[in-house]
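Participant: One file is attached below, entry_34.cif, containing mmCIF, N, CA, C and O atoms.
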```
data_target
#
loop_
_atom_site.label_atom_id
_atom_site.label_comp_id
_atom_site.auth_asym_id
_atom_site.auth_seq_id
_atom_site.Cartn_x
_atom_site.Cartn_y
_atom_site.Cartn_z
N MET F 1 -6.43 -6.72 -15.26
CA MET F 1 -5.73 -5.72 -14.49
C MET F 1 -6.76 -4.85 -13.77
O MET F 1 -7.80 -4.52 -14.32
N PHE F 2 -6.45 -4.50 -12.55
CA PHE F 2 -7.35 -3.68 -11.74
C PHE F 2 -7.16 -2.19 -12.06
O PHE F 2 -6.08 -1.75 -12.42
N THR F 3 -8.22 -1.40 -11.87
CA THR F 3 -8.10 0.05 -11.99
C THR F 3 -7.36 0.57 -10.76
O THR F 3 -7.23 -0.14 -9.76
N GLU F 4 -6.93 1.82 -10.82
CA GLU F 4 -6.25 2.41 -9.67
C GLU F 4 -7.15 2.43 -8.45
O GLU F 4 -6.72 2.13 -7.34
N LEU F 5 -8.42 2.77 -8.66
CA LEU F 5 -9.36 2.79 -7.53
C LEU F 5 -9.51 1.39 -6.93
O LEU F 5 -9.53 1.23 -5.71
N GLU F 6 -9.62 0.39 -7.77
CA GLU F 6 -9.73 -0.98 -7.25
C GLU F 6 -8.49 -1.39 -6.46
O GLU F 6 -8.61 -2.04 -5.41
N ILE F 7 -7.32 -0.98 -6.93
CA ILE F 7 -6.09 -1.29 -6.20
C ILE F 7 -6.10 -0.62 -4.84
O ILE F 7 -5.78 -1.24 -3.82
N VAL F 8 -6.47 0.65 -4.81
CA VAL F 8 -6.53 1.38 -3.52
C VAL F 8 -7.54 0.73 -2.59
O VAL F 8 -7.27 0.56 -1.39
N GLU F 9 -8.69 0.36 -3.11
CA GLU F 9 -9.70 -0.29 -2.26
C GLU F 9 -9.19 -1.63 -1.72
O GLU F 9 -9.47 -1.99 -0.58
N ARG F 10 -8.44 -2.36 -2.52
CA ARG F 10 -7.84 -3.62 -2.06
C ARG F 10 -6.78 -3.35 -0.99
O ARG F 10 -6.67 -4.10 -0.02
N CYS F 11 -6.01 -2.27 -1.15
CA CYS F 11 -5.03 -1.88 -0.12
C CYS F 11 -5.75 -1.58 1.19
O CYS F 11 -5.31 -2.02 2.26
N LEU F 12 -6.83 -0.83 1.11
CA LEU F 12 -7.60 -0.50 2.32
C LEU F 12 -8.15 -1.76 2.98
O LEU F 12 -8.12 -1.87 4.21
N LEU F 13 -8.61 -2.69 2.20
CA LEU F 13 -9.10 -3.95 2.75
C LEU F 13 -7.98 -4.72 3.45
O LEU F 13 -8.16 -5.23 4.55
N MET F 14 -6.81 -4.73 2.83
CA MET F 14 -5.68 -5.43 3.44
C MET F 14 -5.25 -4.78 4.75
O MET F 14 -4.82 -5.46 5.67
N PHE F 15 -5.37 -3.48 4.83
CA PHE F 15 -4.99 -2.76 6.05
C PHE F 15 -6.16 -2.58 7.01
O PHE F 15 -6.04 -1.85 7.99
N SER F 16 -7.27 -3.22 6.77
CA SER F 16 -8.44 -3.06 7.64
C SER F 16 -8.26 -3.76 8.99
O SER F 16 -8.98 -3.45 9.94
N LYS F 17 -7.31 -4.66 9.08
CA LYS F 17 -7.02 -5.34 10.35
C LYS F 17 -5.71 -4.83 10.92
O LYS F 17 -4.74 -4.63 10.18
N PRO F 18 -5.64 -4.62 12.24
CA PRO F 18 -4.39 -4.19 12.86
C PRO F 18 -3.28 -5.21 12.60
O PRO F 18 -3.54 -6.41 12.48
N GLY F 19 -2.07 -4.72 12.50
CA GLY F 19 -0.92 -5.60 12.34
C GLY F 19 -0.63 -6.01 10.91
O GLY F 19 0.26 -6.81 10.67
N ARG F 20 -1.33 -5.44 9.95
CA ARG F 20 -1.11 -5.80 8.55
C ARG F 20 -0.13 -4.88 7.84
O ARG F 20 0.15 -5.06 6.67
N TRP F 21 0.40 -3.89 8.55
CA TRP F 21 1.33 -2.93 7.97
C TRP F 21 2.70 -3.12 8.58
O TRP F 21 2.82 -3.54 9.75
N THR F 22 3.74 -2.83 7.83
CA THR F 22 5.10 -2.94 8.34
C THR F 22 5.96 -1.83 7.76
O THR F 22 5.52 -1.07 6.91
N GLN F 23 7.19 -1.77 8.21
CA GLN F 23 8.17 -0.80 7.72
C GLN F 23 9.46 -1.52 7.33
O GLN F 23 9.75 -2.61 7.81
N ARG F 24 10.24 -0.85 6.48
CA ARG F 24 11.59 -1.25 6.10
C ARG F 24 11.72 -2.57 5.34
O ARG F 24 12.80 -3.11 5.22
N THR F 25 10.64 -3.10 4.84
CA THR F 25 10.64 -4.26 3.95
C THR F 25 9.28 -4.36 3.30
O THR F 25 8.29 -3.89 3.86
N LEU F 26 9.22 -4.96 2.13
CA LEU F 26 7.94 -5.05 1.41
C LEU F 26 6.91 -5.87 2.14
O LEU F 26 5.73 -5.54 2.15
N ALA F 27 7.34 -7.00 2.74
CA ALA F 27 6.37 -7.90 3.39
C ALA F 27 7.04 -8.69 4.50
O ALA F 27 8.26 -8.94 4.47
N ARG F 28 6.24 -9.07 5.47
CA ARG F 28 6.69 -9.90 6.59
C ARG F 28 5.69 -11.02 6.83
O ARG F 28 4.50 -10.87 6.56
N ASP F 29 6.19 -12.13 7.40
CA ASP F 29 5.30 -13.22 7.78
C ASP F 29 4.75 -12.97 9.18
O ASP F 29 5.00 -11.92 9.77
N ARG F 30 4.01 -13.93 9.72
CA ARG F 30 3.39 -13.77 11.05
C ARG F 30 4.40 -13.52 12.17
O ARG F 30 4.07 -12.91 13.17
N ARG F 31 5.61 -14.03 11.98
CA ARG F 31 6.65 -13.88 13.01
C ARG F 31 7.46 -12.59 12.83
O ARG F 31 8.34 -12.31 13.62
N GLY F 32 7.18 -11.85 11.76
CA GLY F 32 7.89 -10.61 11.51
C GLY F 32 9.11 -10.76 10.62
O GLY F 32 9.84 -9.80 10.40
N LYS F 33 9.32 -11.94 10.09
CA LYS F 33 10.46 -12.19 9.21
C LYS F 33 10.14 -11.67 7.81
O LYS F 33 9.06 -11.94 7.27
N PRO F 34 11.08 -10.93 7.18
CA PRO F 34 10.85 -10.48 5.80
C PRO F 34 10.67 -11.67 4.85
O PRO F 34 11.38 -12.67 4.94
N VAL F 35 9.67 -11.54 3.98
CA VAL F 35 9.37 -12.57 2.97
C VAL F 35 9.05 -11.86 1.65
O VAL F 35 8.73 -10.67 1.65
N PRO F 36 9.09 -12.58 0.53
CA PRO F 36 8.69 -11.96 -0.74
C PRO F 36 7.24 -11.50 -0.69
O PRO F 36 6.39 -12.13 -0.05
N VAL F 37 6.96 -10.42 -1.38
CA VAL F 37 5.63 -9.80 -1.31
C VAL F 37 4.52 -10.72 -1.81
O VAL F 37 3.39 -10.65 -1.32
N PHE F 38 4.82 -11.62 -2.74
CA PHE F 38 3.79 -12.52 -3.25
C PHE F 38 3.82 -13.89 -2.58
O PHE F 38 3.12 -14.81 -3.00
N SER F 39 4.60 -14.01 -1.52
CA SER F 39 4.67 -15.26 -0.77
C SER F 39 3.34 -15.53 -0.06
O SER F 39 2.68 -14.61 0.41
N GLN F 40 2.97 -16.80 0.04
CA GLN F 40 1.75 -17.15 0.77
C GLN F 40 1.89 -16.84 2.25
O GLN F 40 0.88 -16.67 2.94
N GLU F 41 3.11 -16.76 2.75
CA GLU F 41 3.34 -16.47 4.16
C GLU F 41 3.22 -14.98 4.49
O GLU F 41 3.15 -14.60 5.66
N ALA F 42 3.24 -14.12 3.49
CA ALA F 42 3.20 -12.68 3.71
C ALA F 42 1.89 -12.28 4.40
O ALA F 42 0.81 -12.63 3.95
N ARG F 43 2.02 -11.54 5.51
CA ARG F 43 0.84 -11.10 6.27
C ARG F 43 0.83 -9.60 6.53
O ARG F 43 -0.22 -9.02 6.76
N ALA F 44 1.99 -8.97 6.53
CA ALA F 44 2.09 -7.53 6.77
C ALA F 44 2.88 -6.93 5.61
O ALA F 44 3.83 -7.54 5.11
N PHE F 45 2.48 -5.73 5.19
CA PHE F 45 3.07 -5.11 4.02
C PHE F 45 3.38 -3.65 4.29
O PHE F 45 2.68 -2.98 5.02
N ASP F 46 4.45 -3.16 3.64
CA ASP F 46 4.69 -1.73 3.68
C ASP F 46 3.90 -1.09 2.54
O ASP F 46 3.14 -1.77 1.84
N LEU F 47 4.07 0.20 2.35
CA LEU F 47 3.31 0.94 1.35
C LEU F 47 3.48 0.36 -0.05
O LEU F 47 2.51 0.10 -0.76
N GLU F 48 4.72 0.12 -0.45
CA GLU F 48 4.97 -0.45 -1.77
C GLU F 48 4.46 -1.89 -1.85
O GLU F 48 3.83 -2.29 -2.82
N GLY F 49 4.72 -2.66 -0.81
CA GLY F 49 4.32 -4.06 -0.80
C GLY F 49 2.81 -4.24 -0.93
O GLY F 49 2.34 -5.12 -1.65
N VAL F 50 2.05 -3.42 -0.23
CA VAL F 50 0.59 -3.56 -0.29
C VAL F 50 0.06 -3.19 -1.68
O VAL F 50 -0.87 -3.82 -2.18
N ILE F 51 0.66 -2.20 -2.31
CA ILE F 51 0.24 -1.83 -3.67
C ILE F 51 0.56 -2.96 -4.63
O ILE F 51 -0.28 -3.37 -5.44
N ARG F 52 1.77 -3.49 -4.54
CA ARG F 52 2.15 -4.60 -5.43
C ARG F 52 1.23 -5.80 -5.22
O ARG F 52 0.76 -6.42 -6.18
N ARG F 53 0.98 -6.15 -3.96
CA ARG F 53 0.14 -7.31 -3.65
C ARG F 53 -1.30 -7.08 -4.11
O ARG F 53 -1.93 -7.96 -4.69
N ALA F 54 -1.83 -5.87 -3.88
CA ALA F 54 -3.20 -5.55 -4.27
C ALA F 54 -3.36 -5.54 -5.79
O ALA F 54 -4.41 -5.95 -6.31
N ALA F 55 -2.34 -5.08 -6.51
CA ALA F 55 -2.41 -5.02 -7.97
C ALA F 55 -2.29 -6.40 -8.59
O ALA F 55 -2.84 -6.66 -9.66
N GLY F 56 -1.57 -7.29 -7.92
CA GLY F 56 -1.39 -8.64 -8.43
C GLY F 56 -0.05 -8.80 -9.13
O GLY F 56 0.54 -7.85 -9.63
N ILE F 57 0.39 -10.02 -9.17
CA ILE F 57 1.71 -10.34 -9.72
C ILE F 57 1.85 -9.97 -11.19
O ILE F 57 2.94 -9.65 -11.67
N GLU F 58 0.75 -9.98 -11.93
CA GLU F 58 0.82 -9.68 -13.36
C GLU F 58 0.95 -8.18 -13.65
O GLU F 58 1.32 -7.79 -14.75
N ASP F 59 0.66 -7.31 -12.69
CA ASP F 59 0.73 -5.85 -12.89
C ASP F 59 2.02 -5.33 -12.26
O ASP F 59 2.01 -4.73 -11.20
N ARG F 60 3.12 -5.54 -12.92
CA ARG F 60 4.44 -5.15 -12.40
C ARG F 60 4.63 -3.63 -12.33
O ARG F 60 5.50 -3.16 -11.62
N GLY F 61 3.85 -2.87 -13.04
CA GLY F 61 4.03 -1.42 -13.07
C GLY F 61 3.16 -0.63 -12.12
O GLY F 61 3.20 0.60 -12.11
N ALA F 62 2.38 -1.31 -11.30
CA ALA F 62 1.43 -0.61 -10.43
C ALA F 62 2.12 0.37 -9.50
O ALA F 62 1.70 1.52 -9.38
N TYR F 63 3.18 -0.07 -8.82
CA TYR F 63 3.82 0.83 -7.87
C TYR F 63 4.40 2.05 -8.57
O TYR F 63 4.30 3.17 -8.05
N ALA F 64 4.96 1.87 -9.75
CA ALA F 64 5.53 3.00 -10.49
C ALA F 64 4.45 4.03 -10.81
O ALA F 64 4.71 5.24 -10.81
N ARG F 65 3.23 3.59 -11.06
CA ARG F 65 2.12 4.52 -11.32
C ARG F 65 1.70 5.24 -10.05
O ARG F 65 1.29 6.40 -10.08
N PHE F 66 1.77 4.57 -8.91
CA PHE F 66 1.30 5.15 -7.65
C PHE F 66 2.33 6.06 -6.97
O PHE F 66 1.94 6.98 -6.25
N ALA F 67 3.61 5.79 -7.14
CA ALA F 67 4.64 6.54 -6.41
C ALA F 67 4.50 8.06 -6.56
O ALA F 67 4.51 8.78 -5.56
N PRO F 68 4.33 8.61 -7.78
CA PRO F 68 4.18 10.06 -7.89
C PRO F 68 2.89 10.59 -7.23
O PRO F 68 2.87 11.69 -6.69
N LEU F 69 1.83 9.80 -7.28
CA LEU F 69 0.57 10.21 -6.65
C LEU F 69 0.72 10.29 -5.14
O LEU F 69 0.21 11.22 -4.49
N ILE F 70 1.41 9.31 -4.58
CA ILE F 70 1.63 9.30 -3.13
C ILE F 70 2.56 10.44 -2.73
O ILE F 70 2.31 11.15 -1.76
N LYS F 71 3.61 10.65 -3.51
CA LYS F 71 4.54 11.75 -3.22
C LYS F 71 3.82 13.09 -3.24
O LYS F 71 4.06 13.95 -2.40
N ALA F 72 2.90 13.26 -4.17
CA ALA F 72 2.12 14.50 -4.24
C ALA F 72 1.27 14.69 -3.00
O ALA F 72 1.07 15.82 -2.54
N GLN F 73 0.79 13.59 -2.42
CA GLN F 73 -0.05 13.67 -1.22
C GLN F 73 0.75 13.93 0.05
O GLN F 73 0.34 14.70 0.89
N VAL F 74 1.88 13.23 0.20
CA VAL F 74 2.60 13.26 1.48
C VAL F 74 3.84 14.15 1.44
O VAL F 74 4.43 14.42 2.49
N GLY F 75 4.26 14.60 0.26
CA GLY F 75 5.38 15.51 0.15
C GLY F 75 6.75 14.85 0.30
O GLY F 75 7.75 15.54 0.41
N LYS F 76 6.79 13.55 0.35
CA LYS F 76 8.05 12.82 0.48
C LYS F 76 7.99 11.61 -0.44
O LYS F 76 6.92 11.20 -0.86
N HIS F 77 9.15 11.02 -0.67
CA HIS F 77 9.17 9.76 -1.39
C HIS F 77 8.42 8.74 -0.55
O HIS F 77 8.56 8.71 0.68
N PRO F 78 7.59 7.90 -1.16
CA PRO F 78 6.80 6.93 -0.39
C PRO F 78 7.60 6.05 0.57
O PRO F 78 7.16 5.77 1.68
N PHE F 79 8.83 5.62 0.16
CA PHE F 79 9.66 4.82 1.07
C PHE F 79 9.96 5.60 2.34
O PHE F 79 9.82 5.10 3.45
N ASP F 80 10.40 6.85 2.15
CA ASP F 80 10.77 7.68 3.30
C ASP F 80 9.57 7.94 4.20
O ASP F 80 9.67 7.91 5.41
N TRP F 81 8.43 8.20 3.60
CA TRP F 81 7.23 8.49 4.36
C TRP F 81 6.78 7.26 5.14
O TRP F 81 6.49 7.33 6.33
N ASN F 82 6.71 6.10 4.47
CA ASN F 82 6.29 4.86 5.13
C ASN F 82 7.20 4.50 6.29
O ASN F 82 6.73 4.06 7.34
N ASP F 83 8.50 4.67 6.11
CA ASP F 83 9.47 4.20 7.10
C ASP F 83 9.82 5.24 8.16
O ASP F 83 10.65 4.98 9.04
N GLN F 84 9.19 6.38 8.13
CA GLN F 84 9.47 7.44 9.09
C GLN F 84 9.11 6.98 10.51
O GLN F 84 8.06 6.36 10.73
N THR F 85 9.99 7.27 11.45
CA THR F 85 9.74 6.93 12.85
C THR F 85 8.44 7.60 13.30
O THR F 85 8.21 8.78 13.01
N GLY F 86 7.60 6.86 13.98
CA GLY F 86 6.33 7.38 14.46
C GLY F 86 5.16 7.17 13.51
O GLY F 86 4.01 7.38 13.89
N ARG F 87 5.46 6.76 12.28
CA ARG F 87 4.39 6.49 11.31
C ARG F 87 3.57 5.30 11.81
O ARG F 87 4.09 4.40 12.43
N THR F 88 2.28 5.30 11.55
CA THR F 88 1.41 4.21 12.00
C THR F 88 0.60 3.65 10.84
O THR F 88 0.49 4.28 9.78
N GLN F 89 0.01 2.51 11.07
CA GLN F 89 -0.87 1.89 10.07
C GLN F 89 -2.04 2.82 9.78
O GLN F 89 -2.47 2.94 8.64
N LYS F 90 -2.53 3.50 10.79
CA LYS F 90 -3.65 4.42 10.61
C LYS F 90 -3.27 5.57 9.68
O LYS F 90 -4.08 5.99 8.84
N ASP F 91 -2.04 6.08 9.80
CA ASP F 91 -1.57 7.14 8.90
C ASP F 91 -1.61 6.67 7.44
O ASP F 91 -2.05 7.39 6.55
N VAL F 92 -1.14 5.46 7.22
CA VAL F 92 -1.09 4.90 5.87
C VAL F 92 -2.51 4.66 5.36
O VAL F 92 -2.83 4.96 4.21
N THR F 93 -3.36 4.17 6.22
CA THR F 93 -4.76 3.94 5.84
C THR F 93 -5.43 5.26 5.45
O THR F 93 -6.14 5.32 4.44
N ARG F 94 -5.19 6.30 6.21
CA ARG F 94 -5.78 7.61 5.89
C ARG F 94 -5.29 8.12 4.53
O ARG F 94 -6.05 8.72 3.77
N MET F 95 -4.00 7.91 4.25
CA MET F 95 -3.45 8.32 2.97
C MET F 95 -4.17 7.58 1.83
O MET F 95 -4.56 8.18 0.84
N PHE F 96 -4.38 6.27 2.00
CA PHE F 96 -5.09 5.50 0.99
C PHE F 96 -6.56 5.95 0.88
O PHE F 96 -7.11 5.98 -0.23
N GLU F 97 -7.19 6.30 1.98
CA GLU F 97 -8.56 6.81 1.93
C GLU F 97 -8.63 8.10 1.13
O GLU F 97 -9.55 8.30 0.32
N ASP F 98 -7.66 9.00 1.34
CA ASP F 98 -7.61 10.24 0.58
C ASP F 98 -7.39 9.97 -0.91
O ASP F 98 -8.02 10.60 -1.77
N LEU F 99 -6.51 9.03 -1.20
CA LEU F 99 -6.25 8.67 -2.59
C LEU F 99 -7.51 8.07 -3.24
O LEU F 99 -7.85 8.41 -4.38
N ALA F 100 -8.22 7.25 -2.51
CA ALA F 100 -9.47 6.67 -3.02
C ALA F 100 -10.48 7.78 -3.32
O ALA F 100 -11.16 7.73 -4.37
N ASP F 101 -10.58 8.76 -2.43
CA ASP F 101 -11.50 9.88 -2.68
C ASP F 101 -11.13 10.61 -3.97
O ASP F 101 -12.01 10.99 -4.74
N GLU F 102 -9.83 10.81 -4.21
CA GLU F 102 -9.40 11.48 -5.44
C GLU F 102 -9.81 10.67 -6.66
O GLU F 102 -10.32 11.23 -7.63
N PHE F 103 -9.61 9.36 -6.63
CA PHE F 103 -9.99 8.51 -7.77
C PHE F 103 -11.51 8.52 -7.97
O PHE F 103 -11.98 8.56 -9.10
N ARG F 104 -12.26 8.46 -6.88
CA ARG F 104 -13.72 8.49 -6.99
C ARG F 104 -14.21 9.80 -7.60
O ARG F 104 -15.12 9.82 -8.42
N PHE F 105 -13.58 10.91 -7.19
CA PHE F 105 -13.97 12.21 -7.71
C PHE F 105 -13.68 12.27 -9.22
O PHE F 105 -14.49 12.77 -9.98
N LYS F 106 -12.55 11.74 -9.65
CA LYS F 106 -12.21 11.74 -11.07
C LYS F 106 -13.20 10.91 -11.88
O LYS F 106 -13.52 11.26 -13.01
N GLU F 107 -13.68 9.80 -11.29
CA GLU F 107 -14.65 8.95 -12.00
C GLU F 107 -15.98 9.66 -12.19
O GLU F 107 -16.64 9.48 -13.20
N VAL F 108 -16.39 10.49 -11.23
CA VAL F 108 -17.66 11.19 -11.29
C VAL F 108 -17.56 12.39 -12.23
O VAL F 108 -18.49 12.70 -12.95
N ALA F 109 -16.43 13.06 -12.19
CA ALA F 109 -16.25 14.32 -12.97
C ALA F 109 -16.21 14.10 -14.45
O ALA F 109 -16.18 13.14 -15.05
#
```
Represent the supplied structure as structure tokens.
Facilitator:
Amino acid sequence: MFTELEIVERCLLMFSKPGRWTQRTLARDRRGKPVPVFSQEARAFDLEGVIRRAAGIEDRGAYARFAPLIKAQVGKHPFDWNDQTGRTQKDVTRMFEDLADEFRFKEVA
């Protein structure tokens, strides 16, 4: 099982290329069709989907651990925040960068 910091770093890696983020579904294929998050065809992920994918299929509780942390950062439920009109992949990436900084600070302290 990955640590929280490792999961966040994997999320950042997945979102390092444009077009890897989506809204209103956990995952989409290259054509934009919704697919299961652990499908080999999955190429774009929403906030929950990227956490689940980064944590791996064996860590079913990863998103439940992250949801309160994300809500504390953005002030909204993660679904609502991710799917908000005008939200961008860069916004989500910045949120993950901030979360990574928090985890790194905790490791040092």
Participant: Please report the interatomic distance between atom O of Ala67 in chain F and CA of Arg30 in chain F in Å with one decimal.
Facilitator: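 Result for atom O of Ala67 in chain F versus CA of Arg30 in chain F: 28.0 Å, one decimal.
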Participant: Since I can't run it myself right now, could you work out what the PyMOL selection byres (((chain F and resi 79-95 and name CA) around 7) and name CA) selects here and report it as a list of chain:residue names?
Facilitator: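 Checked against the file, the PyMOL selection byres (((chain F and resi 79-95 and name CA) around 7) and name CA) matches F:Leu12, F:Phe15, F:Trp21, F:Gln23, F:Arg24, F:Asp46, F:Leu47, F:Lys76, F:His77, F:Pro78, F:Phe96, F:Glu97, F:Asp98, F:Leu99.
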Participant: Give me, please, the distance in Å between CA of Arg52 in chain F and CA of Lys106 in chain F, quoted to one decimal.
Facilitator: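 Separating CA of Arg52 in chain F from CA of Lys106 in chain F is a distance of 22.5 Å.
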Participant: Could you write out, as a PyMOL selection string, all the residues of range 14-75 of chain F that DSSP marks as helix (DSSP H, G or I)?
Facilitator: chain F and resi 14+47-55+62-74
Participant: When the PyMOL selection byres ((chain F and resi 20) around 8) is applied to the file above, which residues end up in the set, as a ChimeraX atom specification?
Facilitator: /F:11,14-19,21-23,26-28,42-47,50,89
Participant: Hey, can you spit out that residue selection with N, CA, C and O atoms as a compact mmCIF listing (two decimals), in the coordinates of the input?
Facilitator:
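Below is the file part_29.txt, written as the result:
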```
# COMPACT_ATOMS: atom_id res chain seq x y z
N CYS F 11 -6.01 -2.27 -1.15
CA CYS F 11 -5.03 -1.88 -0.12
C CYS F 11 -5.75 -1.58 1.19
O CYS F 11 -5.31 -2.02 2.26
N MET F 14 -6.81 -4.73 2.83
CA MET F 14 -5.68 -5.43 3.44
C MET F 14 -5.25 -4.78 4.75
O MET F 14 -4.82 -5.46 5.67
N PHE F 15 -5.37 -3.48 4.83
CA PHE F 15 -4.99 -2.76 6.05
C PHE F 15 -6.16 -2.58 7.01
O PHE F 15 -6.04 -1.85 7.99
N SER F 16 -7.27 -3.22 6.77
CA SER F 16 -8.44 -3.06 7.64
C SER F 16 -8.26 -3.76 8.99
O SER F 16 -8.98 -3.45 9.94
N LYS F 17 -7.31 -4.66 9.08
CA LYS F 17 -7.02 -5.34 10.35
C LYS F 17 -5.71 -4.83 10.92
O LYS F 17 -4.74 -4.63 10.18
N PRO F 18 -5.64 -4.62 12.24
CA PRO F 18 -4.39 -4.19 12.86
C PRO F 18 -3.28 -5.21 12.60
O PRO F 18 -3.54 -6.41 12.48
N GLY F 19 -2.07 -4.72 12.50
CA GLY F 19 -0.92 -5.60 12.34
C GLY F 19 -0.63 -6.01 10.91
O GLY F 19 0.26 -6.81 10.67
N TRP F 21 0.40 -3.89 8.55
CA TRP F 21 1.33 -2.93 7.97
C TRP F 21 2.70 -3.12 8.58
O TRP F 21 2.82 -3.54 9.75
N THR F 22 3.74 -2.83 7.83
CA THR F 22 5.10 -2.94 8.34
C THR F 22 5.96 -1.83 7.76
O THR F 22 5.52 -1.07 6.91
N GLN F 23 7.19 -1.77 8.21
CA GLN F 23 8.17 -0.80 7.72
C GLN F 23 9.46 -1.52 7.33
O GLN F 23 9.75 -2.61 7.81
N LEU F 26 9.22 -4.96 2.13
CA LEU F 26 7.94 -5.05 1.41
C LEU F 26 6.91 -5.87 2.14
O LEU F 26 5.73 -5.54 2.15
N ALA F 27 7.34 -7.00 2.74
CA ALA F 27 6.37 -7.90 3.39
C ALA F 27 7.04 -8.69 4.50
O ALA F 27 8.26 -8.94 4.47
N ARG F 28 6.24 -9.07 5.47
CA ARG F 28 6.69 -9.90 6.59
C ARG F 28 5.69 -11.02 6.83
O ARG F 28 4.50 -10.87 6.56
N ALA F 42 3.24 -14.12 3.49
CA ALA F 42 3.20 -12.68 3.71
C ALA F 42 1.89 -12.28 4.40
O ALA F 42 0.81 -12.63 3.95
N ARG F 43 2.02 -11.54 5.51
CA ARG F 43 0.84 -11.10 6.27
C ARG F 43 0.83 -9.60 6.53
O ARG F 43 -0.22 -9.02 6.76
N ALA F 44 1.99 -8.97 6.53
CA ALA F 44 2.09 -7.53 6.77
C ALA F 44 2.88 -6.93 5.61
O ALA F 44 3.83 -7.54 5.11
N PHE F 45 2.48 -5.73 5.19
CA PHE F 45 3.07 -5.11 4.02
C PHE F 45 3.38 -3.65 4.29
O PHE F 45 2.68 -2.98 5.02
N ASP F 46 4.45 -3.16 3.64
CA ASP F 46 4.69 -1.73 3.68
C ASP F 46 3.90 -1.09 2.54
O ASP F 46 3.14 -1.77 1.84
N LEU F 47 4.07 0.20 2.35
CA LEU F 47 3.31 0.94 1.35
C LEU F 47 3.48 0.36 -0.05
O LEU F 47 2.51 0.10 -0.76
N VAL F 50 2.05 -3.42 -0.23
CA VAL F 50 0.59 -3.56 -0.29
C VAL F 50 0.06 -3.19 -1.68
O VAL F 50 -0.87 -3.82 -2.18
N GLN F 89 0.01 2.51 11.07
CA GLN F 89 -0.87 1.89 10.07
C GLN F 89 -2.04 2.82 9.78
O GLN F 89 -2.47 2.94 8.64
```
Participant: Could you give me, as a list in words, each residue of chain F that DSSP assigns to strand (DSSP E or B) when run on this structure's backbone?
Facilitator: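 Those in chain F that DSSP calls strand (DSSP E or B) are Trp21, Ala27, Arg28, Pro34, Ala44 and Phe45 of chain F.
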Participant: To one decimal in Å, tell me the separation between CA of Glu9 in chain F and CA of Ala100 in chain F.
Facilitator: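 Distance reported for this atom pair: 7.0 Å.
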Participant: Considering all atoms listed in the file, can you say which of F:Pro68, F:Asp59, F:Pro34, F:Leu5 comes closest to Glu102 in chain F?
Facilitator: F:Leu5
Participant: Show me, as lines of an AutoDock Vina configuration file, the centre and edge lengths in Å to one decimal of the axis-aligned box that covers every listed atom of range 53-70 of chain F with 8 Å on each side.
Facilitator:
```
center_x = 0.6
center_y = 0.7
center_z = -8.3
size_x = 25.9
size_y = 38.0
size_z = 29.0
```
Participant: For Arg10 in chain F, which residue out of F:Arg60, F:Phe103, F:Ile51, F:Ile70 is the nearest one, using all atoms listed in the file?
Facilitator: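 Ranked by minimum distance to Arg10 in chain F, first place goes to F:Ile51.
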